[in-house]
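Chemist: Quick one: the structure is below, questions incoming.
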Amino acid sequence: MKNEVNTEKTSMLGKDPALTPIPENDRQHWITPTMIFGGLEFTIPVLMVGASLSASFGLGKIFLILIIALFVFQWLGNALQGYIGAKTGLPSSVIAKTSFGTVQAKLIVGLTIFIVSLGWWALQTAVAGNAIAAMFGIDYKHDWLAWAIVTTVAGLLFAAPSIIGYGSMKWTDYLAVPSGLLLIVGGIYLALKNTGWQTIASWSPEPSMTIMAAISLVIGVNVSQWVIASDYTRYAKPTWKDNFIIPSGIVLIGFPLFIVGAIMSVGVGDPDIVNVMMNLGFPVWGFLILWLATWTSQLVNNYSMGLALANVLNVTSGKGRALLTFIGTIIAIIIALMGILDYFTDFLYLTALLYPAIAGVMFADFFLIRKRQWVEIKGWNWMATIAVVTAVMIGYYFQYVNPMGLPAVLSLFVSIVVYLIAMKVKKQVAPDQFTGNNLSD
C-alpha cells in the first residue's frame with residue numbers, strides 16, 4: 001500500500017489533484033498561468049469572429065469593439081474568477097460547492113462546464129481537421145473518411161498534454177504561443193500582399209449587426225473563462241497583483257488575433273478561416289502553425305472538461321482525472337465527427353447565456369457573502385438555482401426575443417443581484433446551512 005502511495009506521488013499523472021487545494025509551496029510565478037491563458041486565446045473561433053466583424057465594420061470600429069469587450073469586461077471577469085482560484089487553490093467546479101451546494105455543483109455546474117468545454121473542444125478539433133486535411137490536399141467537404149482519420153489523430157495529439165496534467169500543458173504553451181505569433185505575422189503579411197493596405201484601411205461595409213451585438217459576440221467567445229479561469233489560477237499566488245496581471249495573456253493575445261481574423265477576411269468574404277487561408281495562399285507551414293496555436297486552447301478546454309467530470313463523479317486522484325479526461329476526449333472526437341461545426345453560432349450563444357449566470361452566483365457568494373472565504377456546503381442551494389434561471393431567461397429575452405444591450409453582461413449582473421436578494425430573504429424566512437453565520441447582514 002505504501003509503495004502505491006509513493007508511486008502516485010511521483011507519477012506525472014498523480015501530481016495534478018482534481019478536487020483538493022493546490023499547496024502554497026506548489027504555486028508558480030504569474031508568468032505560467034499568463035502563458036496558459038495566452039495559449040487559450042489562440043483559438044480558431046477568435047479568428048472566425050474577427051472575420052465576422054469585418055463583414056459589418058471597418059478597422060476603426062473593430063478596434064473600439066475589441067477595446068470595450070476585452071480590456072473592460074473580459075479582463076475584469078477573468079481577474080475576479082482568477083483571484084477566487086488562487087485564493088482557494090481549487091478548480092471552478094469545486095469552488096461552486098459553497099454557493100450552489102455539493103449536489104448542485106456536481107449536477108448543474110460540473111456538468112455544464114463538462115458539456116460546454118467538450119463542445120468547444122469538439123468544435124475546434126473539427127476545424128483543425130479541416131485545416132490539416134487542406135494541407136494534405138484532402139477535400140474535407142467530400143472525402144469524409146480521410147477527414148475523419150485526420151481529425152481523430154489531431155484530436156488525440158491535442159489531448160495528450162492535458163491528460164498528463166498542468167505541468168505538461170505549460171511547456172506546450174511556451175512552444176505554441178511564440179508559434180502562434182508567427183501565424184499573426186504571416187496572416188498580416190499575406191493579407192497586405194493579396195488585398196493591399198489601401199483596401200483594408202478604407203474598408204467600410206454596410207453593417208449587418210450593431211456595435212452592441214458585436215461586443216456581445218466577442219464576449220461570447222471568451223465568457224467561459226469567467227467560470228473556468230480558477231482551474232488554472234489555482235496554481236498562481238493568491239495576490240490581487242498577480243491575478244490582475246494574468247488576464248493580460250488573454251487580452252494581449254486576443255486583441256491582435258481578432259484583428260488578424262478581420263484583416264485576412266477583408267476581400268475574401270468568408271468566416272471559414274481555412275478557406276480564408278487557402279485563398280490568401282498560406283503555405284504548408286501556415287496550416288501547421290494554425291494547428292499548433294489551436295493546440296493551446298484545446299489543452300485548456302480538455303483540462304477543464306476532465307476536472308469538471310472528476311467533480312461530478314467524485315474522483316479525487318490525479319490518475320483518475322487523467323482517465324476521465326481521456327474518456328471525455330473520445331466522446332468529443334465522436335461529436336466532432338458528427339458535425340458539431342455546423343452549429344457554431346448556436347453553441348456560442350448558449351455559452352454566453354449560461355456561463356455569466358453561473359459566474360454571477362460565484363462572484364456574489366465569494367466576495368459579498370462569504371467575505372473571500374470558501375467552505376464546502378452540503379446539499380442544494382435553491383437560491384442559486386433561482387438566480388441562474390432568472391439570469392438565463394432575461395439574457396435569452398435580450399439575445400433572441402428583443403435583441404438589445406449586452407445580454408452576457410446583463411446575465412451576469414442579474415445573477416448577482418437576484419442571488420444577493422434571494423439569500424437575504426432566505427436568511428430571514430427559512431435560514432439553513434447556506435445562510436449560516438458567514439452570511440453578512
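Residue numbering restarts at 1 in every chain; chains get A, B, ... in the order shown in the C-alpha cells, and ligands count up from 1 in that same order.
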Report the residues of segment 127-273 of chain A whose backbone DSSP state falls under helix (DSSP H, G or I), written as JSON, numbers by chain.
Modeler: {"A": [127, 128, 129, 130, 131, 132, 133, 134, 135, 144, 145, 146, 147, 148, 149, 150, 151, 152, 153, 154, 155, 156, 157, 158, 159, 160, 161, 162, 163, 164, 166, 167, 168, 169, 170, 171, 172, 173, 174, 175, 176, 177, 178, 179, 180, 181, 182, 183, 184, 185, 186, 187, 188, 189, 190, 191, 192, 193, 194, 197, 198, 199, 200, 201, 211, 212, 213, 214, 215, 216, 217, 218, 219, 220, 221, 222, 225, 226, 227, 228, 230, 231, 232, 233, 240, 241, 242, 243, 244, 245, 248, 249, 250, 251, 252, 253, 254, 255, 256, 257, 258, 259, 260, 261, 262, 263, 264, 265, 273]}
Chemist: Skipping near chain neighbours, those fewer than 6 positions away, what residues fall within 9 Å of Ile333 of chain A using only C-alpha atoms, listed as a list in words?
Modeler: Trp121, Ala122, Thr125, Ala126, Thr151, Thr152, Gly155 and Leu156 of chain A
Chemist: Within 12 Å of Trp291 of chain A, counting only C-alpha atoms, which residues show up once you throw out same-chain ones fewer than 5 positions away? Write them as number ranges by chain, please.
Modeler: A: 42-44, 124-135, 150-151, 154-155, 157-158, 176-177, 179-180, 183, 274, 284-286, 296-298
Chemist: Write the residues you've just listed into a file as an mmCIF file, in the first residue's frame, and include N, CA and C atoms for each of them.
Modeler:
data_model
loop_
_atom_site.group_PDB
_atom_site.id
_atom_site.type_symbol
_atom_site.label_atom_id
_atom_site.label_comp_id
_atom_site.auth_asym_id
_atom_site.auth_seq_id
_atom_site.Cartn_x
_atom_site.Cartn_y
_atom_site.Cartn_z
ATOM 1 N N PHE A 42 -5.359 31.573 -28.431
ATOM 2 C CA PHE A 42 -5.043 31.136 -29.791
ATOM 3 C C PHE A 42 -6.049 30.078 -30.198
ATOM 4 N N THR A 43 -7.214 30.543 -30.570
ATOM 5 C CA THR A 43 -8.313 29.645 -30.864
ATOM 6 C C THR A 43 -8.965 30.034 -32.184
ATOM 7 N N ILE A 44 -9.387 29.048 -32.921
ATOM 8 C CA ILE A 44 -9.982 29.285 -34.229
ATOM 9 C C ILE A 44 -11.237 30.153 -34.149
ATOM 10 N N GLN A 124 -13.330 22.936 -32.201
ATOM 11 C CA GLN A 124 -12.006 23.306 -32.685
ATOM 12 C C GLN A 124 -11.264 22.122 -33.288
ATOM 13 N N THR A 125 -11.525 20.941 -32.778
ATOM 14 C CA THR A 125 -10.917 19.756 -33.370
ATOM 15 C C THR A 125 -11.424 19.549 -34.792
ATOM 16 N N ALA A 126 -12.720 19.812 -34.992
ATOM 17 C CA ALA A 126 -13.290 19.682 -36.333
ATOM 18 C C ALA A 126 -12.636 20.662 -37.309
ATOM 19 N N VAL A 127 -12.440 21.920 -36.871
ATOM 20 C CA VAL A 127 -11.810 22.900 -37.752
ATOM 21 C C VAL A 127 -10.346 22.551 -37.992
ATOM 22 N N ALA A 128 -9.663 22.086 -36.941
ATOM 23 C CA ALA A 128 -8.264 21.675 -37.118
ATOM 24 C C ALA A 128 -8.165 20.521 -38.103
ATOM 25 N N GLY A 129 -9.141 19.607 -38.047
ATOM 26 C CA GLY A 129 -9.174 18.530 -39.029
ATOM 27 C C GLY A 129 -9.324 19.067 -40.441
ATOM 28 N N ASN A 130 -10.156 20.115 -40.591
ATOM 29 C CA ASN A 130 -10.304 20.756 -41.904
ATOM 30 C C ASN A 130 -8.977 21.323 -42.394
ATOM 31 N N ALA A 131 -8.273 22.005 -41.482
ATOM 32 C CA ALA A 131 -7.017 22.662 -41.858
ATOM 33 C C ALA A 131 -5.954 21.658 -42.267
ATOM 34 N N ILE A 132 -5.804 20.597 -41.476
ATOM 35 C CA ILE A 132 -4.785 19.597 -41.792
ATOM 36 C C ILE A 132 -5.144 18.845 -43.072
ATOM 37 N N ALA A 133 -6.439 18.570 -43.245
ATOM 38 C CA ALA A 133 -6.877 17.917 -44.481
ATOM 39 C C ALA A 133 -6.539 18.782 -45.690
ATOM 40 N N ALA A 134 -6.798 20.095 -45.572
ATOM 41 C CA ALA A 134 -6.469 21.012 -46.669
ATOM 42 C C ALA A 134 -4.979 21.018 -46.942
ATOM 43 N N MET A 135 -4.188 20.941 -45.870
ATOM 44 C CA MET A 135 -2.725 20.947 -46.018
ATOM 45 C C MET A 135 -2.252 19.730 -46.821
ATOM 46 N N VAL A 150 -7.863 12.031 -40.146
ATOM 47 C CA VAL A 150 -7.012 13.186 -39.808
ATOM 48 C C VAL A 150 -7.506 13.852 -38.532
ATOM 49 N N THR A 151 -8.817 14.049 -38.426
ATOM 50 C CA THR A 151 -9.404 14.719 -37.263
ATOM 51 C C THR A 151 -9.188 13.914 -35.985
ATOM 52 N N ALA A 154 -5.506 14.207 -34.960
ATOM 53 C CA ALA A 154 -5.274 15.548 -34.427
ATOM 54 C C ALA A 154 -5.865 15.678 -33.028
ATOM 55 N N GLY A 155 -7.066 15.133 -32.821
ATOM 56 C CA GLY A 155 -7.706 15.211 -31.516
ATOM 57 C C GLY A 155 -6.922 14.509 -30.435
ATOM 58 N N LEU A 157 -3.698 13.925 -30.403
ATOM 59 C CA LEU A 157 -2.491 14.719 -30.124
ATOM 60 C C LEU A 157 -2.827 15.955 -29.301
ATOM 61 N N PHE A 158 -3.962 16.590 -29.622
ATOM 62 C CA PHE A 158 -4.423 17.740 -28.842
ATOM 63 C C PHE A 158 -4.551 17.389 -27.358
ATOM 64 N N ALA A 176 3.962 26.869 -28.157
ATOM 65 C CA ALA A 176 2.901 27.200 -29.100
ATOM 66 C C ALA A 176 2.603 28.690 -29.186
ATOM 67 N N VAL A 177 2.719 29.410 -28.074
ATOM 68 C CA VAL A 177 2.401 30.842 -28.108
ATOM 69 C C VAL A 177 3.330 31.598 -29.058
ATOM 70 N N SER A 179 4.843 30.357 -31.578
ATOM 71 C CA SER A 179 4.485 29.881 -32.918
ATOM 72 C C SER A 179 3.229 30.582 -33.409
ATOM 73 N N GLY A 180 2.284 30.791 -32.491
ATOM 74 C CA GLY A 180 1.064 31.496 -32.856
ATOM 75 C C GLY A 180 1.329 32.922 -33.294
ATOM 76 N N LEU A 183 1.897 33.027 -36.830
ATOM 77 C CA LEU A 183 0.643 32.988 -37.590
ATOM 78 C C LEU A 183 0.095 34.397 -37.774
ATOM 79 N N VAL A 274 -10.221 28.404 -42.653
ATOM 80 C CA VAL A 274 -9.453 27.529 -43.534
ATOM 81 C C VAL A 274 -9.574 28.011 -44.977
ATOM 82 N N VAL A 284 2.258 25.522 -46.450
ATOM 83 C CA VAL A 284 2.047 24.407 -45.524
ATOM 84 C C VAL A 284 2.356 24.809 -44.093
ATOM 85 N N TRP A 285 3.435 25.575 -43.888
ATOM 86 C CA TRP A 285 3.813 25.941 -42.515
ATOM 87 C C TRP A 285 2.717 26.761 -41.831
ATOM 88 N N GLY A 286 1.930 27.487 -42.639
ATOM 89 C CA GLY A 286 0.848 28.276 -42.057
ATOM 90 C C GLY A 286 -0.208 27.398 -41.410
ATOM 91 N N THR A 296 -3.092 24.985 -28.031
ATOM 92 C CA THR A 296 -3.043 25.620 -26.714
ATOM 93 C C THR A 296 -4.430 25.789 -26.100
ATOM 94 N N SER A 297 -5.379 26.287 -26.886
ATOM 95 C CA SER A 297 -6.729 26.449 -26.348
ATOM 96 C C SER A 297 -7.405 25.101 -26.151
ATOM 97 N N GLN A 298 -7.057 24.125 -26.968
ATOM 98 C CA GLN A 298 -7.618 22.794 -26.812
ATOM 99 C C GLN A 298 -7.200 22.157 -25.489
#
Chemist: Nearest to Val49 of chain A: which of A:Gly220, A:Gly77, A:Gly89, A:Pro238 is it, counting only C-alpha atoms?
Modeler: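 Nearest to Val49 of chain A: A:Gly220.
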Chemist: Restrict the calculation to only C-alpha atoms, then for each residue of segment 153-258 of chain A with any atom at most 8 Å from an atom of segment 343-358 of chain A give the closest atom pair and their distance in Å to one decimal, rows by chain and rising residue number, as CSV.
Modeler:
residue,atom,partner,partner_atom,distance
A:Ile219,CA,A:Ala352,CA,7.5
A:Gly220,CA,A:Ala352,CA,4.7
A:Val221,CA,A:Leu348,CA,6.7
A:Val223,CA,A:Ala352,CA,6.1
A:Ser224,CA,A:Tyr355,CA,5.7
A:Trp226,CA,A:Pro356,CA,6.9
A:Val227,CA,A:Tyr355,CA,6.5
Chemist: Filtering to N, CA, C and O atoms, could you give me those residues as a JSON list (two decimals), in the first residue's frame?
Modeler:
[["chain", "number", "residue", "atom", "x", "y", "z"],
["A", 219, "ILE", "N", -17.42, 38.95, -26.50],
["A", 219, "ILE", "CA", -17.51, 38.45, -25.13],
["A", 219, "ILE", "C", -17.90, 36.98, -25.12],
["A", 219, "ILE", "O", -17.37, 36.17, -24.34],
["A", 220, "GLY", "N", -18.81, 36.60, -26.02],
["A", 220, "GLY", "CA", -19.28, 35.22, -26.08],
["A", 220, "GLY", "C", -18.17, 34.22, -26.33],
["A", 220, "GLY", "O", -18.21, 33.09, -25.83],
["A", 221, "VAL", "N", -17.16, 34.60, -27.11],
["A", 221, "VAL", "CA", -16.04, 33.70, -27.39],
["A", 221, "VAL", "C", -15.26, 33.40, -26.11],
["A", 221, "VAL", "O", -14.75, 32.29, -25.92],
["A", 223, "VAL", "N", -16.36, 34.15, -22.73],
["A", 223, "VAL", "CA", -17.10, 34.25, -21.49],
["A", 223, "VAL", "C", -16.94, 33.02, -20.59],
["A", 223, "VAL", "O", -17.09, 33.12, -19.37],
["A", 224, "SER", "N", -16.59, 31.87, -21.15],
["A", 224, "SER", "CA", -16.40, 30.68, -20.32],
["A", 224, "SER", "C", -15.31, 30.88, -19.28],
["A", 224, "SER", "O", -15.33, 30.26, -18.21],
["A", 226, "TRP", "N", -14.91, 33.29, -17.39],
["A", 226, "TRP", "CA", -15.44, 33.89, -16.16],
["A", 226, "TRP", "C", -15.75, 32.82, -15.13],
["A", 226, "TRP", "O", -15.93, 33.13, -13.95],
["A", 227, "VAL", "N", -15.82, 31.56, -15.57],
["A", 227, "VAL", "CA", -16.07, 30.45, -14.65],
["A", 227, "VAL", "C", -14.83, 29.56, -14.51],
["A", 227, "VAL", "O", -14.45, 29.19, -13.40]]
Chemist: What separation in Å, quoted to one decimal, exists between atom CA of Ala51 of chain A and atom CA of Ala262 of chain A?
Modeler: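 Atom CA of Ala262 of chain A lies 4.3 Å from atom CA of Ala51 of chain A.
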Chemist: Write out as a PDB file with C-alpha atoms, in the first residue's frame which residues come within 10 Å of Ala364 of chain A when counting only C-alpha atoms, dropping same-chain ones fewer than 2 positions away.
Modeler:
ATOM      1  CA  SER A  99     -22.632  28.783  -3.302  1.00  0.00           C
ATOM      2  CA  ALA A 359     -20.232  33.256 -12.617  1.00  0.00           C
ATOM      3  CA  GLY A 360     -22.559  35.871 -11.075  1.00  0.00           C
ATOM      4  CA  VAL A 361     -23.578  33.499  -8.279  1.00  0.00           C
ATOM      5  CA  MET A 362     -19.945  32.546  -7.612  1.00  0.00           C
ATOM      6  CA  PHE A 366     -17.380  34.582  -2.560  1.00  0.00           C
ATOM      7  CA  PHE A 367     -16.796  38.344  -2.427  1.00  0.00           C
ATOM      8  CA  LEU A 368     -20.015  39.759  -0.947  1.00  0.00           C
ATOM      9  CA  ILE A 369     -21.397  36.977   1.234  1.00  0.00           C
ATOM     10  CA  ARG A 370     -18.554  34.714   2.396  1.00  0.00           C
ATOM     11  CA  LYS A 371     -16.040  37.571   2.536  1.00  0.00           C
ATOM     12  CA  PHE A 413     -25.426  41.373 -13.171  1.00  0.00           C
ATOM     13  CA  SER A 415     -27.479  36.745 -11.435  1.00  0.00           C
ATOM     14  CA  ILE A 416     -25.529  38.749  -8.815  1.00  0.00           C
ATOM     15  CA  VAL A 417     -28.489  40.921  -7.800  1.00  0.00           C
ATOM     16  CA  VAL A 418     -31.067  38.120  -7.704  1.00  0.00           C
ATOM     17  CA  TYR A 419     -28.739  35.856  -5.712  1.00  0.00           C
ATOM     18  CA  LEU A 420     -27.988  38.520  -3.090  1.00  0.00           C
TER      19      LEU A 420
END
